[in-house]
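Undergrad: File coords11.txt below, compact mmCIF, C-alpha atoms and all ligand atoms:
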# COMPACT_ATOMS: atom_id res chain seq x y z
CA MET A 1 49.95 158.13 66.47
CA ALA A 2 49.82 156.80 70.02
CA LEU A 3 52.40 155.35 72.34
CA VAL A 4 50.75 152.63 74.36
CA VAL A 5 52.03 150.29 77.08
CA LYS A 6 50.13 147.00 77.32
CA LYS A 7 50.78 144.53 80.12
CA PHE A 8 49.81 140.86 79.95
CA GLY A 9 49.77 138.82 83.16
CA GLY A 10 50.85 135.22 83.66
CA SER A 11 47.50 133.59 82.85
CA SER A 12 47.31 135.61 79.61
CA VAL A 13 50.59 134.12 78.37
CA ALA A 14 50.31 130.71 80.05
CA THR A 15 50.88 128.67 76.85
CA THR A 16 52.54 129.23 73.48
CA GLU A 17 49.04 129.29 71.90
CA LYS A 18 48.09 132.12 74.24
CA ILE A 19 51.32 133.96 73.45
CA LEU A 20 50.53 133.75 69.73
CA ALA A 21 46.96 134.92 70.44
CA VAL A 22 48.29 137.94 72.37
CA ALA A 23 50.56 138.88 69.46
CA GLN A 24 47.68 138.45 67.03
CA ARG A 25 45.34 140.63 69.07
CA ILE A 26 47.90 143.41 69.46
CA LEU A 27 48.63 143.45 65.73
CA SER A 28 44.94 143.40 64.78
CA GLU A 29 44.22 146.44 67.01
CA LYS A 30 47.36 148.41 66.13
CA ASN A 31 47.20 151.44 63.85
CA SER A 32 50.13 151.50 61.46
CA ASP A 33 51.95 154.36 63.18
CA ASP A 34 51.23 153.31 66.80
CA LYS A 35 54.22 152.66 69.00
CA ILE A 36 53.64 149.64 71.22
CA VAL A 37 55.49 148.48 74.31
CA VAL A 38 54.32 145.16 75.74
CA VAL A 39 55.21 144.21 79.30
CA VAL A 40 54.79 140.55 80.15
CA SER A 41 54.81 138.34 83.21
CA ALA A 42 56.19 134.83 83.39
CA MET A 43 54.07 132.11 81.77
CA GLY A 44 51.24 130.77 83.98
CA LYS A 45 52.51 129.51 87.32
CA THR A 46 56.20 129.74 86.36
CA THR A 47 57.16 132.03 89.25
CA ASP A 48 55.51 129.67 91.76
CA ASN A 49 57.24 126.71 90.14
CA LEU A 50 60.62 128.43 90.34
CA LEU A 51 59.97 129.12 94.02
CA THR A 52 59.18 125.43 94.51
CA LEU A 53 62.57 124.57 93.00
CA ALA A 54 64.21 126.93 95.47
CA SER A 55 62.26 125.28 98.31
CA ASP A 56 63.63 121.92 97.20
CA ILE A 57 67.11 123.27 97.94
CA ASP A 58 66.02 124.80 101.27
CA SER A 59 62.51 124.79 102.73
CA GLU A 60 63.04 128.46 103.67
CA PRO A 61 64.01 130.10 100.36
CA TYR A 62 63.28 133.62 101.64
CA LYS A 63 66.21 133.56 104.10
CA ALA A 64 68.14 136.81 103.85
CA ASP A 65 71.22 135.00 102.56
CA TYR A 66 69.33 133.60 99.54
CA LEU A 67 67.46 136.68 98.33
CA ARG A 68 69.94 137.72 95.65
CA GLU A 69 69.95 134.19 94.23
CA LEU A 70 66.14 134.04 94.36
CA ASP A 71 66.03 137.13 92.16
CA MET A 72 68.52 135.56 89.76
CA LEU A 73 66.18 132.56 89.59
CA LEU A 74 62.82 134.35 89.43
CA THR A 75 63.82 136.80 86.70
CA THR A 76 64.35 133.87 84.32
CA GLY A 77 60.56 133.37 84.18
CA GLU A 78 59.91 136.70 82.46
CA GLN A 79 62.90 136.16 80.16
CA VAL A 80 61.21 133.10 78.69
CA SER A 81 57.94 134.88 77.96
CA ILE A 82 59.51 138.01 76.39
CA ALA A 83 61.62 135.91 74.02
CA LEU A 84 58.62 133.81 72.94
CA LEU A 85 56.35 136.84 72.48
CA ALA A 86 58.96 138.68 70.39
CA MET A 87 59.28 135.54 68.24
CA ALA A 88 55.49 135.40 67.90
CA PHE A 89 55.41 138.98 66.53
CA LYS A 90 58.14 138.14 64.04
CA LYS A 91 56.36 134.97 62.98
CA LEU A 92 53.26 137.08 62.30
CA GLY A 93 55.34 139.46 60.20
CA HIS A 94 55.99 142.38 62.55
CA PRO A 95 59.47 143.38 63.79
CA ALA A 96 59.89 143.07 67.53
CA ILE A 97 62.61 142.90 70.14
CA SER A 98 62.66 141.55 73.69
CA LEU A 99 64.42 143.47 76.45
CA THR A 100 65.07 142.69 80.13
CA GLY A 101 64.45 145.16 82.95
CA ALA A 102 68.14 146.10 82.98
CA GLN A 103 68.11 146.71 79.22
CA VAL A 104 65.20 149.16 79.48
CA GLY A 105 67.06 151.17 82.12
CA MET A 106 64.90 150.12 85.08
CA LYS A 107 67.15 151.08 88.05
CA THR A 108 66.14 149.67 91.41
CA ASN A 109 67.46 149.65 94.93
CA SER A 110 69.17 146.46 96.15
CA VAL A 111 66.36 145.13 98.35
CA HIS A 112 66.16 141.75 96.67
CA THR A 113 62.65 140.28 96.16
CA LYS A 114 61.07 143.57 97.31
CA GLY A 115 62.90 146.04 95.08
CA ARG A 116 61.70 149.56 94.40
CA ILE A 117 62.22 151.41 91.17
CA LEU A 118 64.52 154.39 91.67
CA ASP A 119 64.74 155.64 88.10
CA ILE A 120 63.98 154.65 84.53
CA LYS A 121 66.01 155.83 81.55
CA PRO A 122 64.24 154.18 78.63
CA LYS A 123 66.57 155.45 75.89
CA ARG A 124 66.88 151.99 74.36
CA VAL A 125 63.09 151.62 74.26
CA HIS A 126 62.73 154.87 72.30
CA GLU A 127 65.47 153.77 69.89
CA GLU A 128 63.84 150.42 69.24
CA LEU A 129 60.39 151.98 68.80
CA ASN A 130 61.86 154.46 66.31
CA ARG A 131 63.32 151.51 64.39
CA GLY A 132 59.74 150.23 64.01
CA ASN A 133 59.96 147.45 66.58
CA ILE A 134 57.29 146.39 69.00
CA VAL A 135 59.25 146.37 72.24
CA VAL A 136 58.58 143.42 74.54
CA VAL A 137 59.76 144.08 78.09
CA ALA A 138 60.23 141.68 81.01
CA GLY A 139 57.97 142.73 83.87
CA PHE A 140 58.73 142.29 87.58
CA GLN A 141 62.45 143.08 87.26
CA GLY A 142 65.02 145.82 87.26
CA ALA A 143 68.70 145.99 88.08
CA ASP A 144 70.54 147.63 90.97
CA SER A 145 73.69 149.76 90.84
CA LEU A 146 75.82 146.60 90.52
CA GLY A 147 73.76 145.44 87.55
CA ASP A 148 72.31 142.56 89.58
CA PRO A 149 68.69 141.60 88.83
CA VAL A 150 66.17 142.69 91.47
CA THR A 151 62.47 141.73 91.49
CA LEU A 152 59.69 144.10 92.49
CA GLY A 153 57.57 141.85 94.74
CA ARG A 154 54.85 139.41 93.63
CA GLY A 155 52.61 140.91 91.00
CA GLY A 156 55.37 143.38 90.17
CA SER A 157 54.83 143.34 86.40
CA ASP A 158 51.92 145.76 86.94
CA THR A 159 54.41 148.19 88.47
CA SER A 160 56.91 147.69 85.63
CA ALA A 161 54.19 148.52 83.10
CA VAL A 162 52.82 151.63 84.78
CA ALA A 163 56.29 152.96 85.63
CA LEU A 164 57.43 152.45 82.06
CA ALA A 165 54.27 154.14 80.76
CA GLY A 166 55.09 157.11 82.99
CA ALA A 167 58.73 157.29 81.98
CA LEU A 168 57.83 157.02 78.28
CA LYS A 169 55.01 159.57 78.67
CA ALA A 170 52.71 157.01 77.09
CA ASP A 171 49.19 157.97 76.04
CA GLU A 172 47.71 154.92 77.76
CA CYS A 173 48.56 152.00 80.01
CA GLU A 174 46.44 148.89 79.60
CA ILE A 175 46.60 145.99 82.06
CA PHE A 176 45.27 142.84 80.38
CA THR A 177 44.34 140.06 82.78
CA ASP A 178 41.99 137.13 83.37
CA VAL A 179 39.14 139.32 84.70
CA ASP A 180 37.44 142.03 82.69
CA GLY A 181 37.99 144.82 85.20
CA VAL A 182 38.09 145.73 88.85
CA TYR A 183 35.12 144.34 90.81
CA SER A 184 33.50 145.27 94.12
CA ALA A 185 35.14 142.11 95.52
CA ASP A 186 37.26 139.28 94.15
CA PRO A 187 34.88 137.68 91.60
CA ARG A 188 36.48 134.31 92.31
CA ILE A 189 34.91 134.26 95.77
CA VAL A 190 31.94 136.64 95.51
CA LYS A 191 29.67 135.57 92.66
CA SER A 192 27.55 138.75 92.86
CA ALA A 193 30.57 141.11 92.70
CA ARG A 194 30.00 144.10 90.40
CA LYS A 195 32.34 145.45 87.81
CA MET A 196 33.28 149.12 88.19
CA LYS A 197 33.53 151.49 85.26
CA GLU A 198 36.00 153.62 87.12
CA ILE A 199 37.81 153.83 90.43
CA THR A 200 40.14 156.52 91.78
CA TYR A 201 43.84 155.91 92.39
CA PHE A 202 43.17 156.67 96.07
CA GLU A 203 40.54 153.93 96.49
CA MET A 204 42.26 151.42 94.19
CA LEU A 205 45.50 151.83 96.11
CA GLU A 206 43.68 151.03 99.35
CA MET A 207 41.88 148.04 97.77
CA ALA A 208 45.21 146.74 96.42
CA ARG A 209 47.06 147.32 99.67
CA LEU A 210 44.35 145.39 101.50
CA GLY A 211 44.65 142.38 99.20
CA ALA A 212 42.75 142.99 95.93
CA GLY A 213 45.40 141.17 93.89
CA VAL A 214 44.25 142.47 90.53
CA MET A 215 46.81 145.33 90.77
CA GLN A 216 50.05 145.52 92.71
CA PRO A 217 49.71 148.48 95.12
CA ARG A 218 52.91 150.14 93.93
CA SER A 219 51.63 150.20 90.35
CA VAL A 220 48.67 152.30 91.46
CA GLU A 221 51.03 154.70 93.27
CA MET A 222 53.02 154.98 90.04
CA GLY A 223 49.86 155.71 88.06
CA GLN A 224 48.97 158.47 90.47
CA PHE A 225 52.50 159.86 90.47
CA PHE A 226 52.62 160.08 86.67
CA ASN A 227 48.88 160.79 86.40
CA ILE A 228 48.49 158.03 83.82
CA PRO A 229 45.02 156.48 83.56
CA ILE A 230 45.24 152.69 83.89
CA HIS A 231 42.75 150.57 81.96
CA VAL A 232 42.27 147.13 83.56
CA ARG A 233 40.63 144.79 81.04
CA SER A 234 40.32 141.22 79.84
CA THR A 235 42.85 139.49 77.61
CA PHE A 236 40.13 137.22 76.31
CA THR A 237 37.33 139.68 75.39
CA LYS A 238 37.25 143.07 73.67
CA ASP A 239 34.92 144.72 76.27
CA SER A 240 36.17 147.83 77.97
CA GLY A 241 37.15 147.28 81.59
CA THR A 242 37.77 149.61 84.54
CA ILE A 243 39.66 152.90 84.33
CA ILE A 244 41.77 153.82 87.36
CA ARG A 245 42.14 157.58 87.39
CA GLU A 246 42.31 160.68 89.59
CA ASP A 247 38.57 161.35 89.89
CA TYR A 248 35.17 159.92 89.02
CA THR A 249 32.81 161.12 86.38
CA VAL A 250 29.56 162.30 88.00
CA GLU A 251 27.42 159.19 87.93
CA GLU A 252 29.86 156.99 89.91
CA LYS A 253 30.24 159.38 92.80
CA ASP A 254 27.70 158.27 95.38
CA PHE A 255 29.14 155.09 96.83
CA GLU A 256 29.84 154.86 100.56
CA ILE A 257 31.83 151.71 99.93
CA ARG A 258 33.58 150.90 96.68
CA GLY A 259 34.61 147.39 97.50
CA VAL A 260 35.51 144.58 99.85
CA ALA A 261 39.08 143.31 99.81
CA HIS A 262 40.59 140.31 101.51
CA ASP A 263 44.06 138.98 102.17
CA THR A 264 44.73 135.42 103.25
CA LYS A 265 48.49 135.71 103.29
CA VAL A 266 48.62 137.13 106.79
CA ALA A 267 50.38 135.93 109.93
CA LYS A 268 49.59 137.11 113.45
CA ILE A 269 52.26 137.47 116.09
CA SER A 270 51.43 137.97 119.76
CA VAL A 271 54.28 139.13 121.98
CA LEU A 272 52.83 138.59 125.42
CA GLY A 273 53.79 139.96 128.80
CA VAL A 274 56.31 142.67 128.00
CA PRO A 275 57.14 145.42 130.53
CA ASN A 276 54.90 148.49 130.33
CA SER A 277 57.79 150.91 129.89
CA PRO A 278 59.12 153.32 127.27
CA GLY A 279 61.21 151.88 124.41
CA ILE A 280 59.77 148.34 124.33
CA ALA A 281 57.64 148.82 121.19
CA HIS A 282 60.48 150.70 119.55
CA THR A 283 62.99 147.90 120.16
CA LEU A 284 60.56 145.26 118.90
CA PHE A 285 59.46 147.02 115.73
CA GLN A 286 62.88 148.48 114.90
CA SER A 287 64.35 144.99 114.81
CA LEU A 288 61.64 143.93 112.34
CA ALA A 289 62.21 147.06 110.25
CA ASP A 290 65.95 146.32 110.17
CA ALA A 291 65.08 142.96 108.61
CA ASN A 292 62.87 144.72 105.99
CA ILE A 293 59.70 143.19 107.45
CA ASP A 294 56.58 145.33 107.07
CA VAL A 295 54.25 145.33 110.04
CA ASP A 296 50.56 145.88 109.39
CA MET A 297 47.87 145.85 112.12
CA ILE A 298 49.19 146.62 115.61
CA VAL A 299 47.34 146.40 118.92
CA GLN A 300 48.86 146.98 122.34
CA SER A 301 46.82 146.32 125.44
CA ILE A 302 47.56 146.40 129.13
CA ARG A 303 47.09 142.88 130.36
CA ASN A 304 47.74 143.22 134.03
CA ILE A 305 47.83 146.60 135.74
CA ASP A 306 49.17 145.16 139.01
CA ARG A 307 52.18 143.62 137.31
CA ASP A 308 52.35 146.45 134.78
CA ILE A 309 52.81 144.31 131.70
CA ASN A 310 51.50 144.64 128.13
CA ASP A 311 50.62 142.37 125.24
CA ILE A 312 51.62 143.52 121.76
CA VAL A 313 49.83 141.83 118.88
CA PHE A 314 50.51 142.55 115.21
CA THR A 315 50.29 141.12 111.72
CA ILE A 316 52.84 140.68 108.93
CA ALA A 317 52.83 139.13 105.44
CA LEU A 318 52.87 135.34 105.71
CA HIS A 319 56.00 134.98 103.57
CA ASP A 320 57.94 137.10 106.07
CA LEU A 321 57.08 134.74 108.95
CA PRO A 322 60.22 132.51 108.85
CA GLU A 323 62.50 135.58 108.97
CA ALA A 324 60.29 137.27 111.59
CA LYS A 325 60.52 134.19 113.84
CA LYS A 326 64.28 134.49 113.82
CA VAL A 327 64.24 138.21 114.57
CA ILE A 328 61.71 137.74 117.37
CA ALA A 329 63.61 134.87 118.95
CA VAL A 330 66.40 137.38 119.64
CA VAL A 331 64.40 140.52 120.42
CA SER A 332 61.82 138.85 122.69
CA GLU A 333 64.60 137.97 125.13
CA LYS A 334 65.93 141.50 124.97
CA ILE A 335 62.51 142.96 125.90
CA ASN A 336 61.73 140.23 128.45
CA ALA A 337 58.57 138.95 126.79
CA ILE A 338 56.93 136.13 128.74
CA THR A 339 55.90 134.27 125.59
CA VAL A 340 55.37 134.70 121.84
CA LEU A 341 52.61 133.08 119.77
CA PHE A 342 52.57 132.73 115.97
CA GLU A 343 49.35 132.09 114.03
CA GLU A 344 49.26 131.38 110.30
CA ASP A 345 45.59 130.62 109.61
CA MET A 346 44.45 134.24 109.58
CA ALA A 347 42.85 136.54 107.00
CA LYS A 348 42.15 140.23 106.80
CA VAL A 349 38.83 141.41 105.36
CA SER A 350 38.36 145.09 104.62
CA ILE A 351 35.85 147.57 103.28
CA VAL A 352 37.16 150.46 101.22
CA GLY A 353 35.54 153.69 100.11
CA ALA A 354 36.19 157.41 100.25
CA GLY A 355 32.42 157.77 100.78
CA MET A 356 32.69 156.39 104.33
CA LEU A 357 34.26 159.68 105.43
CA GLY A 358 31.44 161.42 107.24
CA SER A 359 29.06 158.42 107.01
CA PRO A 360 28.54 157.18 110.55
CA GLY A 361 27.61 153.56 111.03
CA VAL A 362 29.60 152.04 108.19
CA ALA A 363 31.93 150.12 110.53
CA ALA A 364 28.97 148.96 112.65
CA ARG A 365 27.29 147.57 109.51
CA MET A 366 30.47 145.67 108.66
CA PHE A 367 30.69 144.19 112.17
CA GLY A 368 26.97 143.27 111.98
CA ALA A 369 27.57 141.42 108.71
CA LEU A 370 30.43 139.47 110.31
CA ALA A 371 28.27 138.62 113.34
CA ARG A 372 25.49 137.32 111.05
CA ALA A 373 28.04 135.03 109.39
CA ASP A 374 29.18 133.89 112.85
CA VAL A 375 32.68 135.22 112.23
CA ASN A 376 34.64 136.39 115.25
CA ILE A 377 36.75 139.54 114.91
CA ASP A 378 40.28 139.23 116.22
CA ILE A 379 41.77 142.68 115.50
CA ILE A 380 40.20 145.80 114.01
CA SER A 381 42.10 148.58 112.29
CA THR A 382 41.00 151.60 110.33
CA SER A 383 42.37 154.13 107.89
CA GLU A 384 40.72 157.25 106.55
CA ILE A 385 38.94 155.24 103.84
CA SER A 386 38.93 151.66 105.10
CA VAL A 387 38.01 149.40 107.98
CA SER A 388 39.78 146.05 108.34
CA CYS A 389 39.09 143.05 110.53
CA LEU A 390 41.38 140.12 111.18
CA VAL A 391 39.42 136.86 111.16
CA LYS A 392 40.09 133.11 111.01
CA GLY A 393 41.46 132.16 107.59
CA SER A 394 38.97 129.30 107.29
CA GLN A 395 36.06 131.78 107.46
CA VAL A 396 37.23 134.28 104.87
CA THR A 397 34.72 133.33 102.15
CA GLU A 398 31.70 133.66 104.46
CA ALA A 399 33.11 136.90 105.87
CA VAL A 400 33.66 138.58 102.51
CA ASN A 401 30.31 137.44 101.08
CA SER A 402 28.33 138.57 104.11
CA ILE A 403 29.98 142.01 104.09
CA HIS A 404 29.48 142.31 100.33
CA ASP A 405 25.76 141.41 100.66
CA GLU A 406 25.39 144.12 103.31
CA PHE A 407 26.82 146.92 101.17
CA PHE A 408 25.88 145.66 97.69
CA PRO A 409 22.47 144.00 98.09
CA ASP A 410 20.94 142.46 94.97
CA LYS A 411 19.09 145.13 93.06
P1 LIG B 1 47.71 138.59 86.26
O1 LIG B 1 48.41 137.28 86.20
O2 LIG B 1 47.06 138.98 84.98
O3 LIG B 1 48.56 139.69 86.83
P2 LIG B 1 46.37 138.32 88.81
O4 LIG B 1 46.02 136.92 89.20
O5 LIG B 1 47.55 138.94 89.45
O6 LIG B 1 46.47 138.36 87.22
O7 LIG B 1 45.13 139.31 89.06
C1 LIG B 1 43.86 138.97 88.57
C2 LIG B 1 43.05 138.31 89.69
O8 LIG B 1 42.83 139.26 90.73
C3 LIG B 1 41.66 137.89 89.29
O9 LIG B 1 41.63 136.62 88.70
C4 LIG B 1 40.88 137.94 90.61
O10 LIG B 1 40.67 136.68 91.17
C5 LIG B 1 41.79 138.74 91.53
N1 LIG B 1 41.09 139.84 92.20
C6 LIG B 1 41.14 140.09 93.54
N2 LIG B 1 40.36 141.13 93.86
C7 LIG B 1 39.80 141.57 92.71
C8 LIG B 1 38.89 142.63 92.40
N3 LIG B 1 38.43 143.45 93.34
N4 LIG B 1 38.52 142.81 91.11
C9 LIG B 1 39.00 141.99 90.14
N5 LIG B 1 39.85 140.95 90.37
C10 LIG B 1 40.25 140.73 91.65
N1 LIG B 2 55.69 136.71 87.63
C1 LIG B 2 55.62 137.55 88.80
C2 LIG B 2 54.70 136.94 89.84
O1 LIG B 2 54.15 135.88 89.62
C3 LIG B 2 55.24 138.98 88.49
C4 LIG B 2 53.83 139.18 87.96
O2 LIG B 2 53.16 138.23 87.55
O3 LIG B 2 53.40 140.33 87.95
O4 LIG B 2 54.53 137.51 90.89
MG MG B 3 49.07 140.25 88.79
Mind converting the file's structure to structure tokens?
TA:
Amino acid sequence: MALVVKKFGGSSVATTEKILAVAQRILSEKNSDDKIVVVVSAMGKTTDNLLTLASDIDSEPYKADYLRELDMLLTTGEQVSIALLAMAFKKLGHPAISLTGAQVGMKTNSVHTKGRILDIKPKRVHEELNRGNIVVVAGFQGADSLGDPVTLGRGGSDTSAVALAGALKADECEIFTDVDGVYSADPRIVKSARKMKEITYFEMLEMARLGAGVMQPRSVEMGQFFNIPIHVRSTFTKDSGTIIREDYTVEEKDFEIRGVAHDTKVAKISVLGVPNSPGIAHTLFQSLADANIDVDMIVQSIRNIDRDINDIVFTIALHDLPEAKKVIAVVSEKINAITVLFEEDMAKVSIVGAGMLGSPGVAARMFGALARADVNIDIISTSEISVSCLVKGSQVTEAVNSIHDEFFPDK
């Protein structure tokens, strides 16, 4: 007997036919005594469509004042798909029950639209499994201490699934999606991208953080925390996919670079001409932190030694830009900035790999690949196992392909 958590993303349940096909597949692969929990996302582009409705009310739906209502709206998407999938199981002759995030005991903080799971008490899930039900759970959502719905950030159903697998001490967590595994780059933009058999939590977390949308970063953290192997695989084929786990088996160990990630949802903010004195950066970034805005790449440079002023340039997620503009309008006066520039057409391209530790020249090869593609580098940042470059958004495809060709030449 195994307890397995299986997550199906939006494209896997985009139509009622697909929902029936998912139920059919699960039943055909299930041993009679297996306990199955299925986590689902909203159907197809439902979440985007709900956001469009919100934008019809106000073109800036992510204003702080709306976030609770946005969560109330967005969580309806997953409620539709769980109900339909539970009905599909019943139609095919297997008992099933749909449960929301709150009903499975998914406790979150109250940071609406960017919630974090604080605790899971899946008593109800165990009870329903023991009654013989397949339990169908709404991904992407939990509830805070008031019982209000809170969503876990875009792509959050991955995190729901892995966290639930951890809390249930499941034997396996499978992420079914529209690609058959994790690739060396997004296969939608790099035709020669290679599928990996395995990748470590450490490297997958960095890939995800840097934009590889196949897994939400927090889901990988959860996998590592609970030490649950995550199997990323295709909804539409039976082939095995990629296992995300603590360490590699021997034959996959020798890569300098595991993959190239990119993120086009980046905005660049340049706060120009601030005094070169203690406390300026603190005031600026604290005001963004107070508004729950994550700051990513940061560069500070002395512009003019005679006048002793600095420029501070940094990046944030594009969807935080409207709120950031408001925060900066206030703080830039406080810190006497001469001017502030906002740029939306930016992208971050990154190489990731634990093998680059102690391999000199990896960054130079990346910069060479960008130069060959005639891509200018705006900002560079590094971590222990990654190098990232901010480039023009319109050049992201050339940038990623040129870097990928450099590190993964055709055999
Ligand atoms: P789901 O709706 O199933 O959660 P997502 O669209 O969130 O699916 O994630 C799957 C997509 O992630 C793929 O279609 C692919 O374009 C994208 N992706 C980005 N980087 C990678 C990568 N390195 N490997 C595989 N897929 C990737
Ligand atoms: N439906 C949510 C989204 O589109 C969550 C998910 O798909 O994981 O972001
Ligand atoms: Mg996803």
Undergrad: Please check which residues have atoms at most 10 Å from (64.1, 141.1, 69.8) in the file's coordinates, counting all atoms listed in the file, and write them as a PyMOL selection string.
TA: chain A and resi 82-87+89-90+95-99+128+133-137
Undergrad: All residues within 9 Å of ligand LIG 2 (chain B) are required, counting all atoms listed in the file; please report them as a PyMOL selection string.
TA: chain A and resi 8-11+40-48+74-75+77-78+139-141+151-160+215-216
Undergrad: Env of region 182-184 of chain A: 12 Å cut, atoms = all atoms listed in the file, seq-sep filter 5 positions within chain, self excluded. Answer as a PyMOL selection string.
TA: chain A and resi 175-177+189-200+203-204+207-208+212-215+230-234+240-244+255+257-262+350-353+400-401+403-405+407-409
Undergrad: Which one is closest to Asn276 (chain A): A:Asp308, A:Asp294, A:Asp263, A:Glu384? Count only C-alpha atoms.
TA: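 Going through A:Asp308, A:Asp294, A:Asp263, A:Glu384 one by one, the smallest distance to Asn276 (chain A) is for A:Asp308.
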Undergrad: What's around Arg124 (chain A) at 9 Å? Count only C-alpha atoms, leave out sequence neighbours fewer than 3 positions away in its own chain, and write the answer as a PyMOL selection string.
TA: chain A and resi 103-105+121+127-129
Undergrad: Could you list, as a list in words, every residue within 10 Å of region 378-383 of chain A, counting all atoms listed in the file and ignoring same-chain residues fewer than 3 positions away?
TA: Glu206, Lys268, Asp296, Met297, Ile298, Val299, Val313, Phe314, Thr315, Met346, Ala347, Lys348, Val349, Ser350, Ile351, Val352, Ala363, Phe367, Val375, Ser386, Val387, Ser388, Cys389, Leu390, Val391 and Lys392 of chain A
Undergrad: As a count of residues only, please: the residues near Ala102 (chain A) (cut-off 10 Å, all atoms listed in the file, same-chain neighbours under 6 positions excluded).
TA: 13
Undergrad: Go through A:Ala161, A:Val111, A:Ala317, A:Ala399 one by one, measure the shortest atom-to-atom distance of each to Ala64 (chain A) using only C-alpha atoms, and give the residue with the smallest value.
TA: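 Checking each candidate against Ala64 (chain A), we get A:Val111 as the closest.
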Undergrad: For ligand LIG 1 (chain B), I'd like the enclosing box, axis-aligned and padded by 6 Å on every side, reported as JSON with centre and edge lengths in Å to one decimal.
TA:
{"center_x": 43.5, "center_y": 140.0, "center_z": 89.4, "size_x": 22.1, "size_y": 18.8, "size_z": 20.9}
Undergrad: So that I can check the surroundings of Asp33 (chain A), please list as a list in words every protein, DNA and RNA residue that reaches within 10 Å of it, counting all atoms listed in the file and ignoring chain neighbours fewer than 2 positions away.
TA: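 Using all atoms listed in the file, the neighbours found are Met1, Ala2, Leu3, Lys30, Asn31, Lys35, Ile36 and Gly132 of chain A.
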Undergrad: How many Å separate CA of Phe225 (chain A) from CA of Lys6 (chain A)?
TA: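 Spanning CA of Phe225 (chain A) to CA of Lys6 (chain A) is a straight-line distance of 18.5 Å.
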Undergrad: Give the answer as one residue: which of A:Lys334, A:Lys107, A:Lys7, A:Arg365 has the shortest atom-to-atom distance to ligand MG 3 (chain B), using only C-alpha atoms and all ligand atoms?
TA: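 Under the stated criterion, the closest residue is A:Lys7.
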Undergrad: What is the CA of Pro187 (chain A)-CA of Pro229 (chain A) distance in Å, reported with one decimal?
TA: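 Pair CA of Pro187 (chain A) / CA of Pro229 (chain A) returns 22.8 Å.
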Undergrad: Report, in Å with one decimal, the straight-line distance from CA of Lys325 (chain A) to CA of Arg218 (chain A).
TA: 26.6 Å
Undergrad: From the set A:Ile57, A:Ala88, A:Val37, A:Leu321, which residue has the shortest atom-to-atom contact distance to Gln24 (chain A), counting only C-alpha atoms?
TA: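 Using only C-alpha atoms, Gln24 (chain A) sits closest to A:Ala88.
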Undergrad: From the set A:Ala289, A:Leu92, A:Ala14, A:Ala185, which residue has the shortest atom-to-atom contact distance to ligand LIG 1 (chain B), counting all atoms listed in the file?
TA: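 Answer, going by the shortest atom-to-atom distance: A:Ala185.
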